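Okay, so here's the structure we're looking at.
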Amino acid sequence: YELGRNTPTFENIKKLSTLLNIDLMGAEKPVNFVPIVGTASCGAVEPSNLDLTHSKAYYNGQFWKESLYCVIANGESMSPEIDDCDEVVIDPDIKAVTGDMVYYKIDDEAAIKVLVEDLEAYFIQFVPYNQSEDFKTKTIRLDDEETINKLVIHKVVTVNKLMYNNRNARLKILGRG
């Protein structure tokens with residue numbers, strides 16, 4: 001490129017500008033970080049043994065704010081959208097509704113699943129993408145006040161994919177996993 005023997009395609013220019021954190025007009029994009037506060041189950045039984053002390057995750061979305069936080073996914077129940085060790089950025093200020101991917105916490109249980117509310121049947125569910133014996137739907141009756149009072153539900157807003165961890169997801173997409 002520098003010698004003028006080859007011209008980059010527009011697609012490659014866009015990829016390079018993203019990689020270098022520079023927009024196509026030459027202005028630098030702000031780099032924002034959010035604190036990593038822990039892990040969340042995505043079907044894995046054992047929590048990841050990660051040292052998260054003073055850890056931060058990159059956030060490149062346009063809606064950055066101080067209240068955002070991040071958890072590290074643990075497991076494959078939300079694959080291919082979220083895989084083991086991906087960084088999941090969460091916004092505690094957005095009200096989650098049916099169909100949203102959410103981080104939920106009850107006591108020491110913390111997980112990421114899809115929220116399904118059925119007000120007529122008087123329950124809410126947290127449903128994994130991949131249903132199996134290991135990846136189960138969690139159902140909470142709305143009249144279970146003890147559990148409802150401890151329940152925290154926050155909306156997932158973005159996922160930082162760590163490509164080196166996604167071998168299983170890629171093989172599943174190819175029908176070989």
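As shown in the structure tokens, the chain order sets the letters A, B, ...; within each chain, residues go from 1, and ligands are also counted from 1 in the order they appear.
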
Could you pull out all residues of range 57-174 of chain A with a DSSP call of strand (DSSP E or B) and give them as an mmCIF file with N, CA, C and O atoms, in the first residue's frame?
```
data_model
loop_
_atom_site.group_PDB
_atom_site.id
_atom_site.type_symbol
_atom_site.label_atom_id
_atom_site.label_comp_id
_atom_site.auth_asym_id
_atom_site.auth_seq_id
_atom_site.Cartn_x
_atom_site.Cartn_y
_atom_site.Cartn_z
ATOM 1 N N ALA A 57 -12.993 -4.362 30.875
ATOM 2 C CA ALA A 57 -13.287 -4.818 29.518
ATOM 3 C C ALA A 57 -13.484 -3.604 28.630
ATOM 4 O O ALA A 57 -13.999 -2.570 29.070
ATOM 5 N N TYR A 58 -13.112 -3.740 27.384
ATOM 6 C CA TYR A 58 -13.285 -2.691 26.398
ATOM 7 C C TYR A 58 -14.764 -2.597 26.028
ATOM 8 O O TYR A 58 -15.448 -3.602 25.876
ATOM 9 N N TYR A 59 -15.272 -1.382 25.865
ATOM 10 C CA TYR A 59 -16.644 -1.159 25.406
ATOM 11 C C TYR A 59 -16.611 -0.195 24.239
ATOM 12 O O TYR A 59 -16.191 0.951 24.381
ATOM 13 N N TYR A 69 -21.313 -2.551 33.513
ATOM 14 C CA TYR A 69 -20.328 -3.469 34.087
ATOM 15 C C TYR A 69 -20.249 -4.710 33.217
ATOM 16 O O TYR A 69 -21.041 -4.894 32.294
ATOM 17 N N CYS A 70 -19.282 -5.553 33.511
ATOM 18 C CA CYS A 70 -19.020 -6.721 32.683
ATOM 19 C C CYS A 70 -18.884 -7.958 33.561
ATOM 20 O O CYS A 70 -18.385 -7.875 34.688
ATOM 21 N N VAL A 71 -19.336 -9.107 33.014
ATOM 22 C CA VAL A 71 -19.081 -10.405 33.628
ATOM 23 C C VAL A 71 -18.464 -11.301 32.558
ATOM 24 O O VAL A 71 -18.653 -11.080 31.363
ATOM 25 N N ILE A 72 -17.727 -12.301 33.010
ATOM 26 C CA ILE A 72 -17.110 -13.264 32.103
ATOM 27 C C ILE A 72 -18.016 -14.490 32.020
ATOM 28 O O ILE A 72 -18.389 -15.072 33.040
ATOM 29 N N ALA A 73 -18.386 -14.870 30.791
ATOM 30 C CA ALA A 73 -19.260 -16.028 30.584
ATOM 31 C C ALA A 73 -18.516 -17.313 30.919
ATOM 32 O O ALA A 73 -17.339 -17.458 30.628
ATOM 33 N N ASN A 74 -19.259 -18.231 31.500
ATOM 34 C CA ASN A 74 -18.687 -19.502 31.912
ATOM 35 C C ASN A 74 -19.577 -20.632 31.388
ATOM 36 O O ASN A 74 -20.584 -20.958 31.986
ATOM 37 N N GLU A 87 -16.526 -11.766 27.178
ATOM 38 C CA GLU A 87 -16.845 -10.661 28.085
ATOM 39 C C GLU A 87 -18.245 -10.152 27.741
ATOM 40 O O GLU A 87 -18.509 -9.778 26.601
ATOM 41 N N VAL A 88 -19.128 -10.132 28.727
ATOM 42 C CA VAL A 88 -20.520 -9.753 28.515
ATOM 43 C C VAL A 88 -20.767 -8.433 29.250
ATOM 44 O O VAL A 88 -20.654 -8.359 30.476
ATOM 45 N N VAL A 89 -21.091 -7.378 28.480
ATOM 46 C CA VAL A 89 -21.307 -6.047 29.050
ATOM 47 C C VAL A 89 -22.793 -5.881 29.349
ATOM 48 O O VAL A 89 -23.644 -6.192 28.519
ATOM 49 N N ILE A 90 -23.080 -5.357 30.539
ATOM 50 C CA ILE A 90 -24.439 -5.301 31.059
ATOM 51 C C ILE A 90 -24.792 -3.880 31.462
ATOM 52 O O ILE A 90 -23.966 -3.160 32.027
ATOM 53 N N ASP A 91 -26.049 -3.491 31.173
ATOM 54 C CA ASP A 91 -26.562 -2.175 31.565
ATOM 55 C C ASP A 91 -27.654 -2.374 32.609
ATOM 56 O O ASP A 91 -28.741 -2.860 32.299
ATOM 57 N N MET A 101 -31.768 -10.753 26.189
ATOM 58 C CA MET A 101 -30.759 -11.551 26.858
ATOM 59 C C MET A 101 -30.416 -10.802 28.139
ATOM 60 O O MET A 101 -30.197 -9.587 28.109
ATOM 61 N N VAL A 102 -30.405 -11.529 29.261
ATOM 62 C CA VAL A 102 -30.210 -10.883 30.547
ATOM 63 C C VAL A 102 -29.184 -11.626 31.396
ATOM 64 O O VAL A 102 -28.935 -12.812 31.212
ATOM 65 N N TYR A 103 -28.631 -10.872 32.317
ATOM 66 C CA TYR A 103 -27.829 -11.408 33.410
ATOM 67 C C TYR A 103 -28.765 -11.396 34.607
ATOM 68 O O TYR A 103 -29.376 -10.368 34.899
ATOM 69 N N TYR A 104 -28.932 -12.541 35.252
ATOM 70 C CA TYR A 104 -29.760 -12.551 36.456
ATOM 71 C C TYR A 104 -28.965 -13.126 37.615
ATOM 72 O O TYR A 104 -28.040 -13.911 37.434
ATOM 73 N N LYS A 105 -29.359 -12.691 38.806
ATOM 74 C CA LYS A 105 -28.670 -13.140 40.013
ATOM 75 C C LYS A 105 -29.697 -13.351 41.106
ATOM 76 O O LYS A 105 -30.575 -12.504 41.316
ATOM 77 N N ILE A 106 -29.594 -14.492 41.767
ATOM 78 C CA ILE A 106 -30.388 -14.825 42.957
ATOM 79 C C ILE A 106 -29.408 -15.418 43.955
ATOM 80 O O ILE A 106 -28.836 -16.477 43.706
ATOM 81 N N GLU A 109 -26.316 -17.538 42.858
ATOM 82 C CA GLU A 109 -26.523 -18.007 41.488
ATOM 83 C C GLU A 109 -26.538 -16.814 40.541
ATOM 84 O O GLU A 109 -27.337 -15.897 40.696
ATOM 85 N N ALA A 110 -25.647 -16.819 39.556
ATOM 86 C CA ALA A 110 -25.601 -15.758 38.539
ATOM 87 C C ALA A 110 -25.466 -16.421 37.179
ATOM 88 O O ALA A 110 -24.611 -17.286 36.986
ATOM 89 N N ALA A 111 -26.334 -16.029 36.241
ATOM 90 C CA ALA A 111 -26.330 -16.671 34.927
ATOM 91 C C ALA A 111 -26.779 -15.698 33.852
ATOM 92 O O ALA A 111 -27.339 -14.639 34.147
ATOM 93 N N ILE A 112 -26.548 -16.087 32.612
ATOM 94 C CA ILE A 112 -26.995 -15.317 31.448
ATOM 95 C C ILE A 112 -27.915 -16.215 30.630
ATOM 96 O O ILE A 112 -27.534 -17.330 30.249
ATOM 97 N N LYS A 113 -29.128 -15.721 30.390
ATOM 98 C CA LYS A 113 -30.126 -16.460 29.613
ATOM 99 C C LYS A 113 -31.077 -15.461 28.969
ATOM 100 O O LYS A 113 -30.938 -14.254 29.148
ATOM 101 N N VAL A 114 -32.071 -15.969 28.239
ATOM 102 C CA VAL A 114 -33.089 -15.126 27.621
ATOM 103 C C VAL A 114 -34.276 -15.038 28.579
ATOM 104 O O VAL A 114 -34.751 -16.060 29.090
ATOM 105 N N LEU A 115 -34.749 -13.821 28.817
ATOM 106 C CA LEU A 115 -35.889 -13.590 29.699
ATOM 107 C C LEU A 115 -37.196 -13.838 28.948
ATOM 108 O O LEU A 115 -37.395 -13.327 27.845
ATOM 109 N N VAL A 116 -38.072 -14.643 29.552
ATOM 110 C CA VAL A 116 -39.415 -14.880 29.016
ATOM 111 C C VAL A 116 -40.397 -14.638 30.155
ATOM 112 O O VAL A 116 -40.328 -15.310 31.182
ATOM 113 N N GLU A 117 -41.276 -13.654 29.970
ATOM 114 C CA GLU A 117 -42.291 -13.344 30.976
ATOM 115 C C GLU A 117 -43.644 -13.835 30.468
ATOM 116 O O GLU A 117 -44.026 -13.545 29.343
ATOM 117 N N ASP A 118 -44.356 -14.583 31.300
ATOM 118 C CA ASP A 118 -45.708 -15.018 30.966
ATOM 119 C C ASP A 118 -46.607 -14.574 32.120
ATOM 120 O O ASP A 118 -46.785 -15.301 33.102
ATOM 121 N N PHE A 123 -45.617 -16.427 35.741
ATOM 122 C CA PHE A 123 -44.237 -16.811 35.993
ATOM 123 C C PHE A 123 -43.309 -16.091 35.019
ATOM 124 O O PHE A 123 -43.744 -15.541 34.012
ATOM 125 N N ILE A 124 -42.020 -16.107 35.362
ATOM 126 C CA ILE A 124 -40.971 -15.676 34.443
ATOM 127 C C ILE A 124 -40.002 -16.845 34.296
ATOM 128 O O ILE A 124 -39.876 -17.681 35.195
ATOM 129 N N GLN A 125 -39.351 -16.879 33.137
ATOM 130 C CA GLN A 125 -38.381 -17.934 32.889
ATOM 131 C C GLN A 125 -37.087 -17.327 32.361
ATOM 132 O O GLN A 125 -37.102 -16.272 31.717
ATOM 133 N N PHE A 126 -36.015 -18.025 32.619
ATOM 134 C CA PHE A 126 -34.706 -17.705 32.075
ATOM 135 C C PHE A 126 -34.310 -18.921 31.239
ATOM 136 O O PHE A 126 -34.087 -20.004 31.763
ATOM 137 N N VAL A 127 -34.240 -18.725 29.908
ATOM 138 C CA VAL A 127 -34.123 -19.839 28.970
ATOM 139 C C VAL A 127 -32.772 -19.785 28.254
ATOM 140 O O VAL A 127 -32.434 -18.773 27.645
ATOM 141 N N LYS A 138 -34.826 -21.930 33.884
ATOM 142 C CA LYS A 138 -35.163 -21.620 35.277
ATOM 143 C C LYS A 138 -36.505 -20.908 35.278
ATOM 144 O O LYS A 138 -36.682 -19.918 34.585
ATOM 145 N N THR A 139 -37.449 -21.410 36.055
ATOM 146 C CA THR A 139 -38.781 -20.830 36.148
ATOM 147 C C THR A 139 -39.000 -20.306 37.561
ATOM 148 O O THR A 139 -38.704 -21.001 38.535
ATOM 149 N N ILE A 140 -39.537 -19.092 37.650
ATOM 150 C CA ILE A 140 -39.849 -18.478 38.945
ATOM 151 C C ILE A 140 -41.296 -18.008 38.909
ATOM 152 O O ILE A 140 -41.679 -17.232 38.030
ATOM 153 N N ARG A 141 -42.077 -18.482 39.836
ATOM 154 C CA ARG A 141 -43.466 -18.025 39.946
ATOM 155 C C ARG A 141 -43.468 -16.600 40.499
ATOM 156 O O ARG A 141 -42.682 -16.264 41.369
ATOM 157 N N VAL A 152 -32.245 -10.147 40.807
ATOM 158 C CA VAL A 152 -31.700 -9.013 40.071
ATOM 159 C C VAL A 152 -31.701 -9.408 38.602
ATOM 160 O O VAL A 152 -31.210 -10.487 38.250
ATOM 161 N N ILE A 153 -32.257 -8.547 37.739
ATOM 162 C CA ILE A 153 -32.269 -8.802 36.301
ATOM 163 C C ILE A 153 -31.715 -7.566 35.605
ATOM 164 O O ILE A 153 -32.265 -6.475 35.760
ATOM 165 N N HIS A 154 -30.631 -7.731 34.848
ATOM 166 C CA HIS A 154 -30.036 -6.635 34.092
ATOM 167 C C HIS A 154 -29.857 -7.053 32.637
ATOM 168 O O HIS A 154 -29.523 -8.203 32.346
ATOM 169 N N LYS A 155 -30.018 -6.108 31.744
ATOM 170 C CA LYS A 155 -29.976 -6.372 30.298
ATOM 171 C C LYS A 155 -28.543 -6.455 29.773
ATOM 172 O O LYS A 155 -27.698 -5.615 30.077
ATOM 173 N N VAL A 156 -28.286 -7.483 28.963
ATOM 174 C CA VAL A 156 -27.015 -7.620 28.254
ATOM 175 C C VAL A 156 -27.050 -6.665 27.067
ATOM 176 O O VAL A 156 -28.020 -6.650 26.310
ATOM 177 N N VAL A 157 -26.003 -5.838 26.907
ATOM 178 C CA VAL A 157 -25.989 -4.864 25.814
ATOM 179 C C VAL A 157 -24.943 -5.167 24.739
ATOM 180 O O VAL A 157 -25.091 -4.740 23.600
ATOM 181 N N THR A 158 -23.898 -5.880 25.078
ATOM 182 C CA THR A 158 -22.906 -6.248 24.065
ATOM 183 C C THR A 158 -22.049 -7.403 24.576
ATOM 184 O O THR A 158 -21.989 -7.657 25.782
ATOM 185 N N VAL A 159 -21.395 -8.069 23.642
ATOM 186 C CA VAL A 159 -20.521 -9.194 23.972
ATOM 187 C C VAL A 159 -19.196 -8.993 23.260
ATOM 188 O O VAL A 159 -19.167 -8.755 22.052
ATOM 189 N N ASN A 160 -18.122 -9.047 24.012
ATOM 190 C CA ASN A 160 -16.781 -9.019 23.420
ATOM 191 C C ASN A 160 -16.374 -10.467 23.178
ATOM 192 O O ASN A 160 -16.113 -11.215 24.115
#
```

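Here CA of Ile36 in chain A and CA of Leu19 in chain A stand 22.4 Å from one another.
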
Counting only C-alpha atoms, which residues of range 45-123 of chain A sit at most 9 Å from some atom of range 130-134 of chain A, and what is each one's closest atom pair with its distance in Å to one decimal, listed by chain and rising residue number, as a Markdown table?
```
| residue | atom | partner | partner_atom | distance |
| --- | --- | --- | --- | --- |
| A:Val45 | CA | A:Asp134 | CA | 8.6 |
| A:Glu76 | CA | A:Asn130 | CA | 8.0 |
| A:Ser77 | CA | A:Asn130 | CA | 5.1 |
| A:Met78 | CA | A:Asn130 | CA | 6.3 |
| A:Ser79 | CA | A:Asn130 | CA | 7.3 |
```

For CA of Ile13 in chain A and CA of Pro80 in chain A, the interatomic separation in Å (one decimal):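 Straight-line distance from CA of Ile13 in chain A to CA of Pro80 in chain A works out to 27.5 Å.
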
Coordinates-based distance that separates CA of Val37 in chain A from CA of Thr147 in chain A (Å, one decimal): 22.5 Å

Nearest residue to Cys42 in chain A from the set A:Val97, A:Leu68, A:Cys85, A:Leu162 (distances using only C-alpha atoms):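 When distances to Cys42 in chain A are compared using only C-alpha atoms, the smallest one comes from A:Cys85.
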